[in-house]
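S.K.: File name work_38.tsv; file contents TSV, C-alpha atoms and all ligand atoms; full text below.
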chain	number	residue	atom	x	y	z
L	94	VAL	CA	0.00	0.00	0.00
L	95	SER	CA	1.37	3.38	-1.02
L	96	ARG	CA	2.14	5.70	1.90
L	97	THR	CA	2.61	9.43	1.55
L	98	VAL	CA	5.57	10.33	3.74
L	99	TYR	CA	6.98	13.75	4.56
L	100	LEU	CA	10.58	12.88	5.35
L	101	THR	CA	12.97	15.70	6.18
L	102	ALA	CA	15.73	16.93	8.42
L	103	THR	CA	14.75	19.67	10.83
L	104	SER	CA	16.18	21.85	13.55
L	105	ILE	CA	14.95	21.28	17.12
L	106	ASP	CA	12.81	24.40	16.84
L	107	GLY	CA	11.10	23.24	13.67
L	108	PHE	CA	12.84	24.85	10.72
L	109	ILE	CA	14.00	22.97	7.61
L	110	ALA	CA	16.08	25.82	6.17
L	111	ASP	CA	17.42	28.96	7.77
L	112	ALA	CA	16.22	32.47	6.93
L	113	ALA	CA	18.63	32.60	3.97
L	114	ASN	CA	17.27	29.25	2.63
L	115	SER	CA	20.57	27.65	3.57
L	116	LEU	CA	21.20	24.12	4.85
L	117	ASP	CA	24.76	24.87	6.00
L	118	TRP	CA	23.64	24.38	9.63
L	119	LEU	CA	22.62	20.81	8.73
L	120	PHE	CA	25.79	19.90	6.87
L	121	ALA	CA	27.84	21.24	9.79
L	122	VAL	CA	26.40	18.45	12.00
L	123	GLU	CA	28.36	15.19	12.01
L	124	GLY	CA	26.58	12.88	9.54
L	125	GLY	CA	24.41	15.76	8.28
L	126	ASP	CA	25.46	15.24	4.67
L	127	ASP	CA	24.50	11.56	4.75
L	128	ALA	CA	20.91	10.80	5.63
L	129	GLY	CA	21.83	7.19	6.49
L	130	GLU	CA	20.75	3.61	5.82
L	131	ALA	CA	17.08	4.01	6.74
L	132	PHE	CA	16.80	6.94	4.33
L	133	ARG	CA	18.39	4.94	1.51
L	134	ALA	CA	16.02	2.04	2.21
L	135	PHE	CA	13.08	4.47	2.11
L	136	LEU	CA	14.29	6.02	-1.17
L	137	ALA	CA	14.53	2.57	-2.75
L	138	GLY	CA	10.78	2.13	-2.15
L	139	VAL	CA	9.71	5.55	-3.45
L	140	GLY	CA	7.59	5.58	-6.63
L	141	ALA	CA	6.78	9.29	-6.86
L	142	MET	CA	7.92	12.49	-5.16
L	143	VAL	CA	6.76	16.06	-4.79
L	144	MET	CA	8.46	19.31	-3.81
L	145	GLY	CA	7.71	23.02	-3.79
L	146	ALA	CA	9.42	25.60	-5.98
L	147	THR	CA	11.88	26.84	-3.34
L	148	THR	CA	13.07	23.31	-2.61
L	149	TYR	CA	13.37	22.57	-6.34
L	150	GLU	CA	15.45	25.70	-6.84
L	151	TRP	CA	17.69	24.76	-3.91
L	152	VAL	CA	18.15	21.19	-5.11
L	153	THR	CA	18.90	22.16	-8.71
L	154	ALA	CA	21.34	24.87	-7.61
L	155	HIS	CA	23.25	22.42	-5.42
L	156	MET	CA	23.22	19.19	-7.45
L	157	GLU	CA	26.11	18.05	-9.64
L	158	GLY	CA	24.35	18.75	-12.93
L	159	PRO	CA	21.61	16.60	-14.50
L	160	GLU	CA	23.66	13.48	-13.71
L	161	GLY	CA	23.39	14.40	-10.04
L	162	TRP	CA	19.60	14.34	-10.29
L	163	ARG	CA	19.69	11.04	-12.18
L	164	GLU	CA	22.01	9.48	-9.61
L	165	ALA	CA	19.78	10.55	-6.74
L	166	HIS	CA	16.34	9.92	-8.25
L	167	GLY	CA	16.72	7.87	-11.45
L	168	ASP	CA	13.40	7.71	-13.29
L	169	VAL	CA	11.22	8.35	-10.22
L	170	PRO	CA	8.68	10.98	-11.34
L	171	CYS	CA	8.90	14.23	-9.39
L	172	TRP	CA	6.07	16.78	-9.25
L	173	VAL	CA	7.21	20.35	-8.69
L	174	MET	CA	4.54	22.71	-7.34
L	175	THR	CA	4.96	26.19	-8.77
L	176	HIS	CA	3.12	29.15	-10.26
L	177	ARG	CA	6.19	29.94	-12.35
L	178	ARG	CA	8.01	28.48	-15.35
L	179	LEU	CA	11.07	26.92	-13.78
L	180	ALA	CA	13.99	25.57	-15.76
L	181	PRO	CA	13.72	21.78	-16.08
L	182	VAL	CA	16.60	19.41	-15.39
L	183	ALA	CA	17.61	17.70	-18.63
L	184	GLY	CA	16.44	14.09	-18.69
L	185	ALA	CA	14.67	14.25	-15.29
L	186	ALA	CA	11.12	12.87	-14.95
L	187	LEU	CA	9.61	16.21	-13.85
L	188	ARG	CA	6.00	17.35	-13.88
L	189	PHE	CA	5.34	20.99	-13.05
L	190	ALA	CA	1.95	21.55	-11.44
L	191	SER	CA	0.03	24.18	-9.52
L	192	GLY	CA	-3.13	24.51	-7.52
L	193	ASP	CA	-4.95	21.63	-5.86
L	194	VAL	CA	-2.54	19.08	-4.39
L	195	GLY	CA	-5.44	16.61	-4.27
L	196	ALA	CA	-5.34	16.26	-8.05
L	197	VAL	CA	-1.55	16.03	-8.01
L	198	HIS	CA	-1.70	13.40	-5.28
L	199	ALA	CA	-4.07	11.26	-7.37
L	200	GLU	CA	-1.61	11.43	-10.29
L	201	MET	CA	1.28	10.56	-7.99
L	202	ARG	CA	-0.56	7.61	-6.48
L	203	ALA	CA	-1.27	6.24	-9.96
L	204	ALA	CA	2.37	6.69	-11.00
L	205	ALA	CA	3.71	5.19	-7.76
L	206	ALA	CA	1.65	2.01	-8.30
L	207	GLY	CA	1.81	0.90	-4.67
L	208	ARG	CA	5.24	2.36	-3.89
L	209	ASP	CA	5.61	5.22	-1.44
L	210	ILE	CA	5.22	8.91	-2.21
L	211	TRP	CA	7.96	11.15	-0.81
L	212	VAL	CA	6.96	14.65	0.17
L	213	VAL	CA	10.36	16.35	0.06
L	214	GLY	CA	9.12	19.70	1.36
L	215	GLY	CA	8.58	22.46	2.13
L	216	GLY	CA	6.41	22.53	5.18
L	217	ASP	CA	3.39	24.26	3.71
L	218	LEU	CA	3.20	21.71	0.91
L	219	ALA	CA	3.16	18.92	3.51
L	220	GLY	CA	0.44	20.98	5.25
L	221	GLN	CA	-1.64	21.21	2.06
L	222	LEU	CA	-1.59	17.40	1.88
L	223	ALA	CA	-2.39	17.03	5.60
L	224	ASP	CA	-5.33	19.45	5.21
L	225	ARG	CA	-6.86	17.03	2.69
L	226	GLY	CA	-6.11	13.90	4.73
L	227	LEU	CA	-3.49	12.83	2.17
L	228	LEU	CA	-0.42	12.73	4.44
L	229	ASP	CA	0.19	9.37	6.15
L	230	GLU	CA	3.49	9.83	7.93
L	231	VAL	CA	6.02	12.43	9.06
L	232	ARG	CA	9.60	11.20	9.49
L	233	LEU	CA	12.09	13.58	11.02
L	234	SER	CA	15.83	13.67	11.51
L	235	VAL	CA	16.15	16.25	14.24
L	236	ALA	CA	19.53	17.99	14.15
L	237	PRO	CA	21.01	19.27	17.42
L	238	VAL	CA	20.54	22.84	16.22
L	239	THR	CA	18.13	25.70	16.86
L	240	LEU	CA	17.72	28.34	14.17
L	241	GLY	CA	15.28	30.84	15.63
L	242	GLY	CA	13.61	31.31	12.26
L	243	GLY	CA	13.54	30.16	8.66
L	244	ALA	CA	11.37	27.83	6.58
L	245	PRO	CA	8.87	26.13	8.91
L	246	LEU	CA	8.71	22.33	9.25
L	247	LEU	CA	4.92	22.04	9.17
L	248	PRO	CA	3.02	25.30	9.64
L	249	ARG	CA	-0.31	23.75	10.67
L	250	ARG	CA	-2.00	22.88	13.91
L	251	LEU	CA	-2.16	19.09	14.20
L	252	ASP	CA	-3.23	18.06	17.69
L	253	ALA	CA	-2.32	14.82	19.44
L	254	GLY	CA	-5.45	13.18	18.03
L	255	ARG	CA	-3.90	13.43	14.57
L	256	LEU	CA	-0.27	12.52	15.32
L	257	GLU	CA	0.90	9.24	16.79
L	258	LEU	CA	4.57	8.59	17.56
L	259	VAL	CA	5.39	5.24	15.92
L	260	SER	CA	9.15	5.16	16.38
L	261	ALA	CA	11.95	7.07	18.06
L	262	GLY	CA	15.62	6.33	17.60
L	263	ARG	CA	19.04	7.82	17.33
L	264	ARG	CA	21.48	8.20	14.42
L	265	GLY	CA	24.66	9.75	15.75
L	266	PRO	CA	23.76	13.27	16.88
L	267	PHE	CA	20.30	13.08	15.22
L	268	ALA	CA	17.02	12.05	16.84
L	269	GLU	CA	14.96	10.05	14.35
L	270	LEU	CA	11.22	10.34	14.88
L	271	ALA	CA	8.33	8.88	12.92
L	272	TYR	CA	4.70	9.91	13.37
L	273	ARG	CA	1.56	8.47	11.82
L	274	VAL	CA	-0.81	11.20	10.66
L	275	ALA	CA	-4.58	10.74	10.90
L	276	PRO	CA	-6.90	12.58	8.52
L	277	PRO	CA	-8.79	15.63	9.79
L	278	ALA	CA	-11.98	14.83	11.67
L	279	GLY	CA	-15.25	14.95	9.78
J	301	LIG	N1	16.02	20.18	5.90
J	301	LIG	C1	15.69	19.48	4.82
J	301	LIG	O1	15.97	18.28	4.73
J	301	LIG	C2	14.89	20.16	3.74
J	301	LIG	C3	13.96	19.41	2.99
J	301	LIG	C4	13.21	20.06	2.03
J	301	LIG	C5	13.40	21.42	1.80
J	301	LIG	N2	14.32	22.11	2.51
J	301	LIG	C6	14.51	23.56	2.30
J	301	LIG	O2	13.43	24.21	2.95
J	301	LIG	C7	13.02	25.35	2.21
J	301	LIG	C8	11.54	25.22	1.91
J	301	LIG	O3	11.09	26.33	1.25
J	301	LIG	P1	9.57	26.84	1.32
J	301	LIG	O4	9.12	26.85	2.73
J	301	LIG	O5	9.50	28.09	0.50
J	301	LIG	O6	8.71	25.67	0.63
J	301	LIG	P2	8.65	25.02	-0.82
J	301	LIG	O7	7.47	24.10	-0.77
J	301	LIG	O8	9.93	24.43	-1.23
J	301	LIG	O9	8.34	26.21	-1.84
J	301	LIG	C9	7.19	27.00	-1.70
J	301	LIG	C10	6.75	27.46	-3.05
J	301	LIG	O10	6.25	26.35	-3.81
J	301	LIG	C11	5.21	26.80	-4.66
J	301	LIG	N3	3.98	26.10	-4.29
J	301	LIG	C12	3.71	25.43	-3.12
J	301	LIG	N4	2.47	24.88	-3.18
J	301	LIG	C13	1.96	25.23	-4.39
J	301	LIG	C14	0.72	24.95	-5.03
J	301	LIG	N5	-0.25	24.22	-4.45
J	301	LIG	N6	0.54	25.45	-6.29
J	301	LIG	C15	1.51	26.16	-6.91
J	301	LIG	N7	2.70	26.46	-6.35
J	301	LIG	C16	2.91	25.98	-5.10
J	301	LIG	C17	5.12	28.30	-4.48
J	301	LIG	O11	6.08	28.84	-5.36
J	301	LIG	P3	5.85	29.90	-6.54
J	301	LIG	O12	4.46	30.46	-6.38
J	301	LIG	O13	6.91	30.91	-6.33
J	301	LIG	O14	6.05	29.17	-7.80
J	301	LIG	C18	5.61	28.46	-3.07
J	301	LIG	O15	6.08	29.74	-2.78
J	301	LIG	C19	13.91	25.38	0.97
J	301	LIG	O16	14.98	26.27	1.19
J	301	LIG	C20	14.45	23.96	0.85
J	301	LIG	O17	15.70	23.90	0.22
J	301	LIG	C21	15.04	21.51	3.49
Just dump the structure as structure tokens.

M.R.:
Amino acid sequence: VSRTVYLTATSIDGFIADAANSLDWLFAVEGGDDAGEAFRAFLAGVGAMVMGATTYEWVTAHMEGPEGWREAHGDVPCWVMTHRRLAPVAGAALRFASGDVGAVHAEMRAAAAGRDIWVVGGGDLAGQLADRGLLDEVRLSVAPVTLGGGAPLLPRRLDAGRLELVSAGRRGPFAELAYRVAPPAG
């Protein structure tokens, strides 16, 4: 069964990028540039992914050319949510979309054919999916860092009735947390 999983690194105070959209704070943590075995195992089971425009721009600015994308994601289709015309990555399986994430999610589920859907970020995009009851899990690598501001992890109110801690572990200096997300009531 396909699960829709928001998997990301975060600071303790719930930011996934600093105010300058930088991840330097993450890469400065021991092991911060290698998301680890569990992440690689998760990636191997991903059949579709989605990211917002800011994340796409960050990724494409920091990857090692189109081969870098191919090495990381192969043929896995990636939806990029944007209102703009963004430059595509040559040879990458990209679909630019805007508006209702419900429609995009239906396309992703069909493409994933039972494999998992990775919500790369940002936080509001994960929130748009959670609003519609389309987010199944949140998996966090919590870095031993506070940022005081930046791009928020998940700018929604999800009370304890909607989030259940399903695992908690440690990877070096990171706390690894997984939560099951229940759909909104009603
Ligand atoms: N720590 C980590 O592991 C991690 C993981 C992921 C991301 N990040 C970083 O976190 C930051 C996230 O940036 P962000 O908070 O700005 O979020 P984002 O989701 O990457 O980008 C937000 C933008 O996506 C577009 N968008 C989102 N939903 C849309 C919709 N339904 N329809 C059309 N367009 C839509 C809009 O762009 P336009 O209207 O401008 O087109 C919006 O301004 C980035 O710097 C990224 O690199 C870090």

S.K.: Restricting the calculation to all atoms listed in the file, which member of L:Ser104, L:Asn114, L:Ser95, L:Thr153 is positioned closest to ligand LIG 301 (chain J)?

M.R.: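 Result for the nearest residue to ligand LIG 301 (chain J): L:Asn114.
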
S.K.: So which one's closest to ligand LIG 301 (chain J), L:Asp111, L:Asp209, L:Glu257, L:Glu157? Using only C-alpha atoms and all ligand atoms, please.

M.R.: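 Using only C-alpha atoms and all ligand atoms, ligand LIG 301 (chain J) sits closest to L:Asp111.
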
S.K.: Write out as a PyMOL selection string which residues come within 10 Å of Ala219 of chain L when counting all atoms listed in the file, dropping same-chain ones fewer than 3 positions away.

M.R.: chain L and resi 97-100+143-145+194+212-216+222-224+227-228+231+246-249

S.K.: Please provide the set of residues having any atom within 12 Å of Thr175 of chain L, restricted to only C-alpha atoms, with same-chain residues fewer than 2 positions apart removed, written as a ChimeraX atom specification.

M.R.: /L:143-150,172-173,177-180,188-194,218

S.K.: Keeping C-alpha atoms, export the residues of the selection given above as a compact mmCIF listing (two decimals), in the frame of the given file.

M.R.:
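File produced: again17.txt:
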# COMPACT_ATOMS: atom_id res chain seq x y z
CA VAL L 143 6.76 16.06 -4.79
CA MET L 144 8.46 19.31 -3.81
CA GLY L 145 7.71 23.02 -3.79
CA ALA L 146 9.42 25.60 -5.98
CA THR L 147 11.88 26.84 -3.34
CA THR L 148 13.07 23.31 -2.61
CA TYR L 149 13.37 22.57 -6.34
CA GLU L 150 15.45 25.70 -6.84
CA TRP L 172 6.07 16.78 -9.25
CA VAL L 173 7.21 20.35 -8.69
CA ARG L 177 6.19 29.94 -12.35
CA ARG L 178 8.01 28.48 -15.35
CA LEU L 179 11.07 26.92 -13.78
CA ALA L 180 13.99 25.57 -15.76
CA ARG L 188 6.00 17.35 -13.88
CA PHE L 189 5.34 20.99 -13.05
CA ALA L 190 1.95 21.55 -11.44
CA SER L 191 0.03 24.18 -9.52
CA GLY L 192 -3.13 24.51 -7.52
CA ASP L 193 -4.95 21.63 -5.86
CA VAL L 194 -2.54 19.08 -4.39
CA LEU L 218 3.20 21.71 0.91

S.K.: Here is a test: counting all atoms listed in the file, which residue of L:Gly161, L:Gly140, L:Gly124, L:Pro276 is nearest to Trp211 of chain L?

M.R.: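 Result for the nearest residue to Trp211 of chain L: L:Gly140.
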
S.K.: What does the structure give for the distance between atom CA of Phe135 of chain L and atom C3 of ligand LIG 301 (chain J), in Å to one decimal?

M.R.: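 Separating atom CA of Phe135 of chain L from atom C3 of ligand LIG 301 (chain J) is a distance of 15.0 Å.
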
S.K.: If we draw a sphere of 12 Å around (22.0, 11.4, 21.3), which residues have at least one atom in it when counting all atoms listed in the file? Please report them as a VMD selection string.

M.R.: chain L and resid 123 234 to 237 261 to 269

S.K.: Which one of L:Asp126, L:Val94, L:Ala141, L:Glu160 sits closest to Ala183 of chain L if you count all atoms listed in the file?

M.R.: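 When distances to Ala183 of chain L are compared using all atoms listed in the file, the smallest one comes from L:Glu160.
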
S.K.: Report, in Å with one decimal, the straight-line distance from atom CA of Arg232 of chain L to atom CA of Leu258 of chain L.

M.R.: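 Interatomic distance here is 9.9 Å.
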
S.K.: Of the candidates L:Val139, L:Ile105, L:Leu116, L:Ala165, which shows the shortest atom-to-atom distance to ligand LIG 301 (chain J), using only C-alpha atoms and all ligand atoms?

M.R.: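 Of the candidates, the smallest distance to ligand LIG 301 (chain J) is held by L:Leu116.
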
S.K.: Would you please work out which residue, of L:Gly184, L:Pro159, L:Ser260, L:Met142, is nearest to Glu200 of chain L when using only C-alpha atoms?

M.R.: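 For Glu200 of chain L, the nearest of the candidates is L:Met142.
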